[in-house]
file input-v9.cif (mmCIF, C-alpha atoms and all ligand atoms)
data_coords
loop_
_atom_site.label_atom_id
_atom_site.label_comp_id
_atom_site.auth_asym_id
_atom_site.auth_seq_id
_atom_site.Cartn_x
_atom_site.Cartn_y
_atom_site.Cartn_z
CA MET A 440 22.85 -9.02 25.35
CA LYS A 441 24.63 -9.14 21.99
CA ALA A 442 25.27 -5.77 20.38
CA ILE A 443 27.20 -4.45 17.39
CA LEU A 444 29.29 -1.52 18.58
CA CYS A 445 30.96 1.32 16.72
CA THR A 446 33.81 2.44 19.01
CA HIS A 447 35.60 4.80 16.56
CA TRP A 448 34.94 6.25 13.11
CA GLY A 449 35.84 3.68 10.50
CA THR A 450 34.62 1.10 8.00
CA PRO A 451 32.13 -1.80 8.37
CA ASP A 452 35.09 -4.07 9.25
CA ASP A 453 35.85 -1.89 12.31
CA LEU A 454 32.50 -2.74 13.96
CA GLU A 455 32.66 -5.08 16.96
CA LEU A 456 30.26 -7.73 18.32
CA ALA A 457 30.09 -7.27 22.12
CA ASP A 458 28.18 -8.43 25.21
CA ILE A 459 26.65 -5.50 27.10
CA PRO A 460 23.97 -5.17 29.82
CA VAL A 461 20.29 -5.09 28.84
CA PRO A 462 18.89 -1.54 29.30
CA GLN A 463 15.79 -0.77 31.37
CA ALA A 464 12.73 1.14 30.22
CA GLY A 465 12.73 4.60 31.80
CA PRO A 466 9.59 6.74 32.30
CA GLY A 467 7.67 7.00 29.03
CA GLU A 468 9.84 4.31 27.42
CA ALA A 469 9.32 0.73 26.25
CA LEU A 470 11.97 -1.99 26.25
CA VAL A 471 11.75 -3.92 22.97
CA ARG A 472 13.28 -7.33 22.22
CA VAL A 473 14.54 -6.64 18.70
CA LYS A 474 13.76 -9.41 16.20
CA ALA A 475 14.93 -7.59 13.07
CA ALA A 476 16.86 -4.34 12.52
CA ALA A 477 17.03 -2.64 9.12
CA LEU A 478 20.01 -0.87 7.62
CA ASN A 479 19.96 2.23 5.44
CA PHE A 480 22.50 3.97 3.24
CA PHE A 481 23.07 6.45 6.06
CA ASP A 482 24.44 3.63 8.27
CA THR A 483 27.44 3.50 5.91
CA LEU A 484 27.98 7.21 6.68
CA ILE A 485 27.18 7.26 10.41
CA ILE A 486 29.94 4.71 11.27
CA ALA A 487 32.45 6.75 9.27
CA GLY A 488 31.62 10.04 11.04
CA LYS A 489 30.30 11.45 7.74
CA TYR A 490 26.61 11.78 8.66
CA GLN A 491 24.79 14.81 10.07
CA HIS A 492 24.35 12.94 13.39
CA LYS A 493 27.51 11.88 15.23
CA PRO A 494 26.39 9.71 18.19
CA PRO A 495 28.73 9.41 21.20
CA PHE A 496 30.88 6.21 21.30
CA PRO A 497 30.17 3.38 21.71
CA PHE A 498 26.94 3.22 19.71
CA SER A 499 25.19 0.64 17.54
CA PRO A 500 24.21 1.38 13.93
CA ALA A 501 20.74 0.56 12.47
CA GLY A 502 18.10 3.23 12.93
CA GLU A 503 14.93 1.14 12.69
CA PHE A 504 13.68 -2.17 14.02
CA ALA A 505 10.76 -4.49 14.70
CA GLY A 506 10.27 -6.76 17.70
CA VAL A 507 8.21 -7.48 20.79
CA VAL A 508 7.62 -5.23 23.80
CA GLU A 509 9.38 -6.77 26.81
CA SER A 510 8.41 -4.22 29.48
CA VAL A 511 7.21 -0.63 29.77
CA GLY A 512 8.29 2.26 31.98
CA ALA A 513 6.13 4.49 34.16
CA GLY A 514 3.40 6.39 32.34
CA VAL A 515 3.18 4.12 29.28
CA ALA A 516 -0.43 3.09 28.70
CA ASP A 517 -0.59 2.40 24.95
CA PHE A 518 1.77 -0.62 24.91
CA ALA A 519 2.03 -3.80 26.98
CA PRO A 520 4.51 -6.69 27.17
CA GLY A 521 3.99 -9.05 24.23
CA ASP A 522 2.87 -6.36 21.74
CA PRO A 523 4.54 -6.73 18.32
CA VAL A 524 5.88 -3.30 17.30
CA MET A 525 8.16 -1.45 14.90
CA GLY A 526 10.07 1.71 15.60
CA TYR A 527 12.62 4.33 14.66
CA SER A 528 15.57 5.28 16.85
CA GLY A 529 17.95 7.06 14.45
CA TRP A 530 20.72 4.61 15.38
CA GLY A 531 21.25 1.98 18.08
CA ALA A 532 19.05 -0.92 16.91
CA ALA A 533 21.76 -3.47 15.99
CA ARG A 534 21.42 -5.08 19.42
CA GLU A 535 19.07 -7.52 21.11
CA TYR A 536 17.18 -4.97 23.24
CA VAL A 537 16.44 -1.26 22.82
CA ALA A 538 14.75 1.13 25.25
CA VAL A 539 12.99 3.89 23.28
CA PRO A 540 10.27 6.49 23.92
CA ALA A 541 6.99 4.63 23.48
CA GLN A 542 5.69 7.39 21.18
CA GLN A 543 8.27 6.23 18.59
CA LEU A 544 6.63 2.80 18.32
CA VAL A 545 3.79 1.64 16.08
CA LYS A 546 1.88 -1.61 16.70
CA LEU A 547 2.14 -4.21 13.95
CA PRO A 548 -1.01 -5.50 12.29
CA ASP A 549 -1.42 -9.23 11.54
CA GLY A 550 0.35 -10.44 8.44
CA LEU A 551 3.35 -8.12 8.58
CA SER A 552 6.59 -10.00 9.36
CA PHE A 553 9.27 -8.52 11.64
CA GLU A 554 11.72 -8.48 8.74
CA ARG A 555 9.48 -6.42 6.41
CA ALA A 556 8.27 -4.19 9.23
CA ALA A 557 11.82 -3.40 10.41
CA GLY A 558 12.61 -1.54 7.19
CA LEU A 559 9.35 0.35 6.72
CA THR A 560 9.88 3.48 8.78
CA VAL A 561 12.80 5.39 7.24
CA THR A 562 12.26 4.83 3.53
CA TYR A 563 8.45 4.93 3.37
CA GLY A 564 8.19 7.55 6.13
CA THR A 565 10.63 9.86 4.36
CA THR A 566 8.97 9.33 1.02
CA LEU A 567 5.36 9.84 2.07
CA TYR A 568 6.43 13.01 3.90
CA ALA A 569 8.36 14.08 0.78
CA LEU A 570 5.62 13.39 -1.77
CA ARG A 571 2.62 14.53 0.25
CA VAL A 572 3.89 17.32 2.51
CA ARG A 573 6.84 18.73 0.56
CA ALA A 574 5.93 18.07 -3.10
CA GLU A 575 2.13 18.24 -2.76
CA LEU A 576 1.96 15.50 -5.42
CA LYS A 577 -1.44 15.30 -7.15
CA PRO A 578 -3.13 12.38 -8.94
CA GLY A 579 -2.24 12.35 -12.63
CA GLU A 580 1.09 14.18 -12.16
CA THR A 581 4.34 12.74 -13.51
CA LEU A 582 6.84 11.66 -10.84
CA VAL A 583 10.48 10.75 -11.52
CA ALA A 584 12.27 8.47 -9.02
CA LEU A 585 16.08 8.47 -9.19
CA GLY A 586 17.92 5.50 -7.61
CA ALA A 587 14.56 3.82 -8.10
CA SER A 588 15.48 0.32 -6.93
CA GLY A 589 17.07 1.48 -3.66
CA GLY A 590 15.23 1.80 -0.34
CA THR A 591 13.81 5.29 -0.80
CA GLY A 592 13.54 4.79 -4.59
CA LEU A 593 11.30 1.73 -4.24
CA ALA A 594 9.16 3.61 -1.72
CA THR A 595 8.81 6.44 -4.28
CA ILE A 596 7.54 4.07 -6.96
CA GLU A 597 5.02 2.39 -4.68
CA LEU A 598 3.76 5.49 -2.85
CA GLY A 599 3.66 7.41 -6.14
CA LYS A 600 1.30 4.77 -7.54
CA VAL A 601 -0.84 4.75 -4.37
CA MET A 602 -1.14 8.56 -4.77
CA GLY A 603 -2.21 8.23 -8.44
CA ALA A 604 0.93 9.55 -10.15
CA LYS A 605 2.54 8.35 -13.39
CA VAL A 606 5.93 7.04 -12.21
CA ILE A 607 9.16 7.08 -14.23
CA ALA A 608 11.83 4.96 -12.54
CA CYS A 609 15.50 5.72 -13.23
CA ALA A 610 18.31 3.33 -12.23
CA SER A 611 21.67 1.98 -13.39
CA SER A 612 20.97 -1.54 -14.69
CA ALA A 613 18.42 -3.59 -16.61
CA GLU A 614 17.93 -5.84 -13.55
CA LYS A 615 17.12 -2.84 -11.34
CA LEU A 616 14.69 -1.49 -13.95
CA ASP A 617 12.91 -4.87 -14.22
CA PHE A 618 12.57 -4.75 -10.43
CA ALA A 619 11.15 -1.20 -10.66
CA ARG A 620 8.58 -2.24 -13.30
CA ALA A 621 7.59 -5.27 -11.21
CA HIS A 622 6.85 -2.85 -8.33
CA GLY A 623 4.64 -0.56 -10.40
CA ALA A 624 6.81 1.85 -12.45
CA ASP A 625 5.03 2.98 -15.63
CA GLU A 626 8.20 3.90 -17.53
CA VAL A 627 11.91 3.27 -16.93
CA VAL A 628 15.21 4.97 -17.80
CA ASN A 629 18.65 3.38 -17.53
CA TYR A 630 20.75 6.43 -16.66
CA ALA A 631 23.97 4.43 -16.96
CA THR A 632 23.39 3.87 -20.69
CA GLU A 633 20.93 6.63 -21.71
CA ASP A 634 21.20 10.41 -21.51
CA LEU A 635 18.88 11.29 -18.60
CA ARG A 636 17.87 14.69 -20.02
CA ASP A 637 16.94 13.25 -23.44
CA ALA A 638 15.05 10.33 -21.90
CA LEU A 639 13.03 12.55 -19.55
CA ARG A 640 12.31 15.05 -22.37
CA LYS A 641 10.80 12.19 -24.38
CA LEU A 642 8.83 10.69 -21.48
CA GLY A 643 7.71 14.01 -19.99
CA GLY A 644 6.48 15.34 -23.36
CA GLU A 645 5.71 19.00 -23.92
CA HIS A 646 4.43 19.48 -20.35
CA GLY A 647 7.58 18.15 -18.63
CA ILE A 648 8.04 16.38 -15.28
CA ASP A 649 5.95 17.57 -12.31
CA VAL A 650 8.02 16.13 -9.46
CA VAL A 651 11.56 14.70 -9.23
CA TYR A 652 12.53 12.68 -6.12
CA ASP A 653 16.34 12.68 -5.88
CA PRO A 654 18.14 10.56 -3.24
CA VAL A 655 21.24 10.23 -5.48
CA GLY A 656 22.50 13.72 -6.43
CA GLY A 657 25.83 13.85 -8.30
CA ALA A 658 25.61 14.24 -12.07
CA TYR A 659 21.88 13.41 -12.26
CA ALA A 660 20.61 16.48 -10.42
CA GLU A 661 21.00 19.13 -13.11
CA PRO A 662 19.47 17.14 -16.00
CA ALA A 663 16.61 16.21 -13.67
CA VAL A 664 15.92 19.89 -12.84
CA ARG A 665 16.15 20.78 -16.54
CA SER A 666 13.38 18.24 -17.23
CA LEU A 667 10.89 19.90 -14.83
CA ALA A 668 7.58 21.30 -16.00
CA TRP A 669 6.41 24.89 -15.34
CA GLN A 670 6.00 25.04 -11.53
CA GLY A 671 7.56 21.58 -11.15
CA ARG A 672 9.12 20.49 -7.84
CA TYR A 673 12.56 18.95 -7.33
CA LEU A 674 12.97 17.15 -3.99
CA VAL A 675 16.46 17.13 -2.44
CA VAL A 676 16.49 13.85 -0.50
CA GLY A 677 20.08 12.58 -0.41
CA PHE A 678 23.47 12.28 -2.03
CA ALA A 679 24.17 8.55 -2.46
CA ALA A 680 26.47 9.34 -5.42
CA GLY A 681 28.71 11.25 -3.01
CA ASP A 682 28.92 14.66 -4.71
CA ILE A 683 26.60 17.41 -3.53
CA PRO A 684 25.37 19.02 -6.75
CA LYS A 685 25.33 22.76 -7.49
CA LEU A 686 22.57 24.13 -9.73
CA PRO A 687 22.34 27.17 -12.04
CA LEU A 688 19.54 29.25 -10.45
CA ASN A 689 18.40 30.64 -13.81
CA LEU A 690 16.68 27.25 -14.32
CA VAL A 691 14.52 27.90 -11.25
CA LEU A 692 13.54 31.33 -12.58
CA LEU A 693 12.82 30.19 -16.14
CA LYS A 694 10.55 27.32 -15.06
CA SER A 695 9.03 29.02 -12.01
CA CYS A 696 9.94 25.74 -10.34
CA ASP A 697 10.77 24.87 -6.74
CA ILE A 698 13.79 23.17 -5.18
CA ARG A 699 12.35 21.68 -1.99
CA GLY A 700 14.44 20.16 0.81
CA VAL A 701 13.35 16.98 2.59
CA PHE A 702 14.68 16.41 6.13
CA TRP A 703 12.33 13.75 7.45
CA GLY A 704 14.25 13.06 10.71
CA ALA A 705 13.98 16.70 11.79
CA TRP A 706 10.30 16.81 10.79
CA THR A 707 9.52 13.76 12.97
CA LYS A 708 10.87 15.68 15.99
CA ARG A 709 8.96 18.85 15.13
CA GLU A 710 5.69 17.09 14.33
CA PRO A 711 5.67 13.71 16.15
CA HIS A 712 1.88 13.34 15.98
CA ALA A 713 1.80 13.90 12.22
CA GLN A 714 4.64 11.39 11.81
CA HIS A 715 2.78 8.82 13.92
CA ALA A 716 -0.38 9.22 11.84
CA LEU A 717 1.63 8.90 8.64
CA MET A 718 3.33 5.69 9.87
CA SER A 719 -0.01 4.13 10.83
CA GLU A 720 -1.17 4.76 7.25
CA ILE A 721 2.00 3.17 5.84
CA VAL A 722 1.72 0.09 8.08
CA ASN A 723 -1.90 -0.43 7.04
CA TRP A 724 -1.11 -0.04 3.31
CA CYS A 725 1.68 -2.56 3.78
CA ALA A 726 -0.61 -5.05 5.53
CA GLN A 727 -3.16 -4.56 2.70
CA GLY A 728 -0.49 -5.42 0.09
CA LYS A 729 -0.30 -1.90 -1.43
CA LEU A 730 3.37 -1.54 -0.37
CA SER A 731 5.88 -4.38 -0.70
CA ALA A 732 8.53 -3.42 1.93
CA HIS A 733 10.72 -5.65 -0.23
CA VAL A 734 13.63 -7.25 1.63
CA HIS A 735 16.66 -7.79 -0.61
CA ALA A 736 18.64 -9.86 1.90
CA VAL A 737 18.65 -10.87 5.57
CA TYR A 738 21.98 -11.18 7.41
CA PRO A 739 22.62 -12.59 10.90
CA LEU A 740 23.65 -9.83 13.33
CA PRO A 741 27.38 -10.71 13.40
CA ASP A 742 27.50 -10.41 9.57
CA ILE A 743 26.70 -6.68 9.61
CA ALA A 744 29.90 -5.74 7.76
CA ASN A 745 28.84 -7.67 4.65
CA ALA A 746 25.34 -6.16 4.86
CA LEU A 747 26.77 -2.62 4.90
CA LYS A 748 29.20 -3.41 2.08
CA ALA A 749 26.31 -4.62 -0.11
CA ILE A 750 24.59 -1.23 0.38
CA ALA A 751 27.76 0.80 -0.26
CA SER A 752 28.55 -1.15 -3.43
CA ARG A 753 25.16 -0.35 -5.00
CA GLN A 754 24.01 -4.00 -5.10
CA VAL A 755 20.82 -3.71 -3.07
CA MET A 756 17.22 -3.63 -4.35
CA GLY A 757 14.85 -2.68 -1.53
CA LYS A 758 16.07 -3.22 2.04
CA VAL A 759 18.84 -5.03 3.90
CA VAL A 760 17.83 -6.46 7.27
CA LEU A 761 19.69 -7.95 10.26
CA ARG A 762 18.11 -10.92 12.01
CA LEU A 763 18.53 -11.16 15.79
N1 LIG B 1 16.38 13.50 3.52
C1 LIG B 1 15.97 12.54 4.30
O1 LIG B 1 15.18 12.77 5.22
C2 LIG B 1 16.48 11.15 4.04
C3 LIG B 1 15.85 10.03 4.60
C4 LIG B 1 16.32 8.75 4.25
C5 LIG B 1 17.41 8.62 3.38
N2 LIG B 1 18.02 9.74 2.91
C6 LIG B 1 19.18 9.65 2.00
O2 LIG B 1 18.75 9.14 0.75
C7 LIG B 1 19.86 8.51 0.11
C8 LIG B 1 19.42 7.14 -0.41
O3 LIG B 1 19.03 6.31 0.68
P1 LIG B 1 18.52 4.84 0.40
O4 LIG B 1 18.24 4.23 1.72
O5 LIG B 1 17.46 4.85 -0.65
O6 LIG B 1 19.85 4.17 -0.22
P2 LIG B 1 20.02 2.87 -1.11
O7 LIG B 1 18.95 1.89 -0.85
O8 LIG B 1 21.44 2.46 -0.94
O9 LIG B 1 19.80 3.43 -2.59
C9 LIG B 1 20.61 4.43 -3.12
C10 LIG B 1 20.63 4.33 -4.63
O10 LIG B 1 21.53 5.35 -5.11
C11 LIG B 1 22.12 4.91 -6.30
N3 LIG B 1 23.55 5.27 -6.29
C12 LIG B 1 24.16 6.06 -7.18
N4 LIG B 1 25.46 6.19 -6.91
C13 LIG B 1 25.69 5.47 -5.80
C14 LIG B 1 26.86 5.21 -5.03
N5 LIG B 1 28.05 5.75 -5.35
N6 LIG B 1 26.75 4.41 -3.95
C15 LIG B 1 25.57 3.89 -3.59
N7 LIG B 1 24.41 4.11 -4.28
C16 LIG B 1 24.48 4.89 -5.39
C17 LIG B 1 21.92 3.40 -6.42
O11 LIG B 1 21.06 3.17 -7.52
P3 LIG B 1 21.62 3.04 -9.02
O12 LIG B 1 22.71 2.01 -9.00
O13 LIG B 1 20.42 2.61 -9.75
O14 LIG B 1 22.10 4.41 -9.40
C18 LIG B 1 21.19 3.01 -5.14
O15 LIG B 1 20.13 2.10 -5.40
C19 LIG B 1 20.98 8.45 1.14
O16 LIG B 1 21.90 9.51 0.86
C20 LIG B 1 20.28 8.70 2.45
O17 LIG B 1 21.12 9.27 3.42
C21 LIG B 1 17.57 10.99 3.20
#
call {"tool": "encode", "arguments": {"input": "input-v9.cif", "output": "structure tokens", "more": "lines below"}}
Ligand SMILES: NC(=O)c1ccc[n+]([C@@H]2O[C@H](COP(=O)([O-])OP(=O)(O)OC[C@H]3O[C@@H](n4cnc5c(N)ncnc54)[C@H](OP(=O)(O)O)[C@@H]3O)[C@@H](O)[C@H]2O)c1
result
Amino acid sequence: MKAILCTHWGTPDDLELADIPVPQAGPGEALVRVKAAALNFFDTLIIAGKYQHKPPFPFSPAGEFAGVVESVGAGVADFAPGDPVMGYSGWGAAREYVAVPAQQLVKLPDGLSFERAAGLTVTYGTTLYALRVRAELKPGETLVALGASGGTGLATIELGKVMGAKVIACASSAEKLDFARAHGADEVVNYATEDLRDALRKLGGEHGIDVVYDPVGGAYAEPAVRSLAWQGRYLVVGFAAGDIPKLPLNLVLLKSCDIRGVFWGAWTKREPHAQHALMSEIVNWCAQGKLSAHVHAVYPLPDIANALKAIASRQVMGKVVLRL
């Protein structure tokens, strides 16, 4: 089978297209013929050796996929050959076949394409876990999404609206903010041209912002925390800007606010049943048209380097997908 391999830490141009044997489904596993694999910002880090997980060489990037079950191993009763499925594997999906624990798969409903389904798990899974479990977001609360046109940012806008929040989308260009509005944002802030603190003070009013979802970090973190309401919650999701911010803790005291960490991947291992239930909800909302799972661009598998470069250069709105 064709596979993209990372054989040493490096750049997207160091990845290789190789021919390797098709794996077999072990006990409890399903072998899936991958039709589409989605990339995330963390794929730009994992191939450089800069991510929290450092898989043994050689490995394939792409942590999520959609396709068709080819065969199942001993003890698998919930899936059968021919079932359309999506799944999460952390890495390893940029190849024609993957063998994964069947409990990591979710069946696809009618009307959800492989390309949209491939990119649903990481961004929407992380964000529903973040907003519901970590932030305890309530209807009517004000939610700020930073990096709002990116993968997790778009999921924040759409899930925030499903959960009844007022959503303020923050991003770096007029085009990205138009995209955010088209996907449901109530208000927008261009943090490349406006002062984030001033803009959020205006939009949050006297009460302030209830929840900030931050996958960007860098210089935006402190003004975002300063904009929080009494007992507001700031979600630490990621550091796409590169710098890990440091915060003055007096702000936390003065606002009686919370800084809450979000580590979705670890949560899925600790609470696999809760994660599975959450993904079923997301898939159904997507099939009902409540979530867009917007695909920015589809690249053929051998063109993975250009797909990763588009993510790293901040060009993407929604998801980037590989077609197999
Ligand atoms: N904690 C978790 O469990 C978890 C789960 C999934 C992802 N993450 C993390 O969340 C972060 C975002 O992931 P994502 O998939 O949403 O990424 P993405 O689609 O690439 O979006 C990231 C956004 O960050 C902004 N950004 C600011 N500075 C940037 C820079 N120097 N390079 C690239 N983007 C920059 C961009 O928006 P503007 O141009 O509008 O600023 C971009 O749209 C990553 O760090 C990822 O590892 C964490």
call {"tool": "closest_atom_pairs", "arguments": {"input": "input-v9.cif", "of": "chain A", "to": "ligand LIG 1 (chain B)", "cutoff": "7 Å", "atoms": "all atoms listed in the file", "output": "Markdown table"}}
result
| residue | atom | partner | partner_atom | distance |
| --- | --- | --- | --- | --- |
| A:Asn479 | CA | B:LIG1 | O4 | 4.6 |
| A:Phe480 | CA | B:LIG1 | O6 | 4.4 |
| A:Phe481 | CA | B:LIG1 | O17 | 4.3 |
| A:Val561 | CA | B:LIG1 | C4 | 5.7 |
| A:Thr562 | CA | B:LIG1 | C4 | 5.7 |
| A:Thr565 | CA | B:LIG1 | C3 | 5.2 |
| A:Gly586 | CA | B:LIG1 | O11 | 3.9 |
| A:Ala587 | CA | B:LIG1 | O13 | 6.2 |
| A:Ser588 | CA | B:LIG1 | O15 | 5.2 |
| A:Gly589 | CA | B:LIG1 | O7 | 3.4 |
| A:Gly590 | CA | B:LIG1 | O7 | 3.8 |
| A:Thr591 | CA | B:LIG1 | O5 | 3.7 |
| A:Gly592 | CA | B:LIG1 | O5 | 5.6 |
| A:Cys609 | CA | B:LIG1 | O13 | 6.8 |
| A:Ala610 | CA | B:LIG1 | O13 | 3.3 |
| A:Ser611 | CA | B:LIG1 | O13 | 3.9 |
| A:Ser612 | CA | B:LIG1 | O13 | 6.5 |
| A:Lys615 | CA | B:LIG1 | O13 | 6.6 |
| A:Pro654 | CA | B:LIG1 | O2 | 4.3 |
| A:Val655 | CA | B:LIG1 | O10 | 4.9 |
| A:Val675 | CA | B:LIG1 | N1 | 7.0 |
| A:Val676 | CA | B:LIG1 | N1 | 4.0 |
| A:Gly677 | CA | B:LIG1 | O16 | 3.8 |
| A:Phe678 | CA | B:LIG1 | O16 | 4.3 |
| A:Ala679 | CA | B:LIG1 | O16 | 4.1 |
| A:Ala680 | CA | B:LIG1 | N4 | 3.6 |
| A:Gly681 | CA | B:LIG1 | N5 | 6.0 |
| A:Val701 | CA | B:LIG1 | N1 | 4.7 |
| A:Phe702 | CA | B:LIG1 | O1 | 3.8 |
| A:Trp703 | CA | B:LIG1 | O1 | 3.7 |
| A:Gly704 | CA | B:LIG1 | O1 | 5.6 |
| A:Ile750 | CA | B:LIG1 | O8 | 5.0 |
| A:Ala751 | CA | B:LIG1 | C15 | 5.0 |
| A:Ser752 | CA | B:LIG1 | C15 | 5.9 |
| A:Arg753 | CA | B:LIG1 | C15 | 4.5 |
| A:Val755 | CA | B:LIG1 | O15 | 6.3 |
| A:Met756 | CA | B:LIG1 | O15 | 6.5 |
| A:Gly757 | CA | B:LIG1 | O7 | 6.2 |
| A:Lys758 | CA | B:LIG1 | O7 | 6.5 |
call {"tool": "write_last_selection", "arguments": {"input": "input-v9.cif", "atoms": "C-alpha atoms", "output": "compact mmCIF listing (two decimals), keeping the file's coordinate frame"}}
result
# COMPACT_ATOMS: atom_id res chain seq x y z
CA ASN A 479 19.96 2.23 5.44
CA PHE A 480 22.50 3.97 3.24
CA PHE A 481 23.07 6.45 6.06
CA VAL A 561 12.80 5.39 7.24
CA THR A 562 12.26 4.83 3.53
CA THR A 565 10.63 9.86 4.36
CA GLY A 586 17.92 5.50 -7.61
CA ALA A 587 14.56 3.82 -8.10
CA SER A 588 15.48 0.32 -6.93
CA GLY A 589 17.07 1.48 -3.66
CA GLY A 590 15.23 1.80 -0.34
CA THR A 591 13.81 5.29 -0.80
CA GLY A 592 13.54 4.79 -4.59
CA CYS A 609 15.50 5.72 -13.23
CA ALA A 610 18.31 3.33 -12.23
CA SER A 611 21.67 1.98 -13.39
CA SER A 612 20.97 -1.54 -14.69
CA LYS A 615 17.12 -2.84 -11.34
CA PRO A 654 18.14 10.56 -3.24
CA VAL A 655 21.24 10.23 -5.48
CA VAL A 675 16.46 17.13 -2.44
CA VAL A 676 16.49 13.85 -0.50
CA GLY A 677 20.08 12.58 -0.41
CA PHE A 678 23.47 12.28 -2.03
CA ALA A 679 24.17 8.55 -2.46
CA ALA A 680 26.47 9.34 -5.42
CA GLY A 681 28.71 11.25 -3.01
CA VAL A 701 13.35 16.98 2.59
CA PHE A 702 14.68 16.41 6.13
CA TRP A 703 12.33 13.75 7.45
CA GLY A 704 14.25 13.06 10.71
CA ILE A 750 24.59 -1.23 0.38
CA ALA A 751 27.76 0.80 -0.26
CA SER A 752 28.55 -1.15 -3.43
CA ARG A 753 25.16 -0.35 -5.00
CA VAL A 755 20.82 -3.71 -3.07
CA MET A 756 17.22 -3.63 -4.35
CA GLY A 757 14.85 -2.68 -1.53
CA LYS A 758 16.07 -3.22 2.04
call {"tool": "closest_residue", "arguments": {"input": "input-v9.cif", "among": "A:Val606, A:Cys725, A:Ala658, A:Leu667", "to": "Pro684 in chain A", "atoms": "all atoms listed in the file"}}
result
A:Ala658
call {"tool": "atom_distance", "arguments": {"input": "input-v9.cif", "atom1": "CA of Leu674 in chain A", "atom2": "CA of Gly488 in chain A"}}
result
25.0 Å
call {"tool": "closest_residue", "arguments": {"input": "input-v9.cif", "among": "A:Arg640, A:Val627, A:Trp530, A:Ala732", "to": "Ala594 in chain A", "atoms": "all atoms listed in the file"}}
result
A:Ala732
call {"tool": "atom_distance", "arguments": {"input": "input-v9.cif", "atom1": "CA of Gly531 in chain A", "atom2": "CA of Ile596 in chain A"}}
result
28.6 Å
call {"tool": "atom_distance", "arguments": {"input": "input-v9.cif", "atom1": "CA of Ala668 in chain A", "atom2": "CA of Glu645 in chain A"}}
result
8.5 Å
call {"tool": "residues_around", "arguments": {"input": "input-v9.cif", "residues": "Val650 in chain A", "least_positions_apart": "6", "cutoff": "8 Å", "atoms": "all atoms listed in the file", "output": "list in words"}}
result
Ala574, Leu576, Glu580, Thr581, Leu582, Val583, Leu667, Gly671, Arg672, Tyr673 and Leu674 of chain A
call {"tool": "closest_residue", "arguments": {"input": "input-v9.cif", "among": "A:Leu570, A:Ile486, A:Leu740, A:Ala519", "to": "Ala457 in chain A", "atoms": "only C-alpha atoms"}}
result
A:Leu740
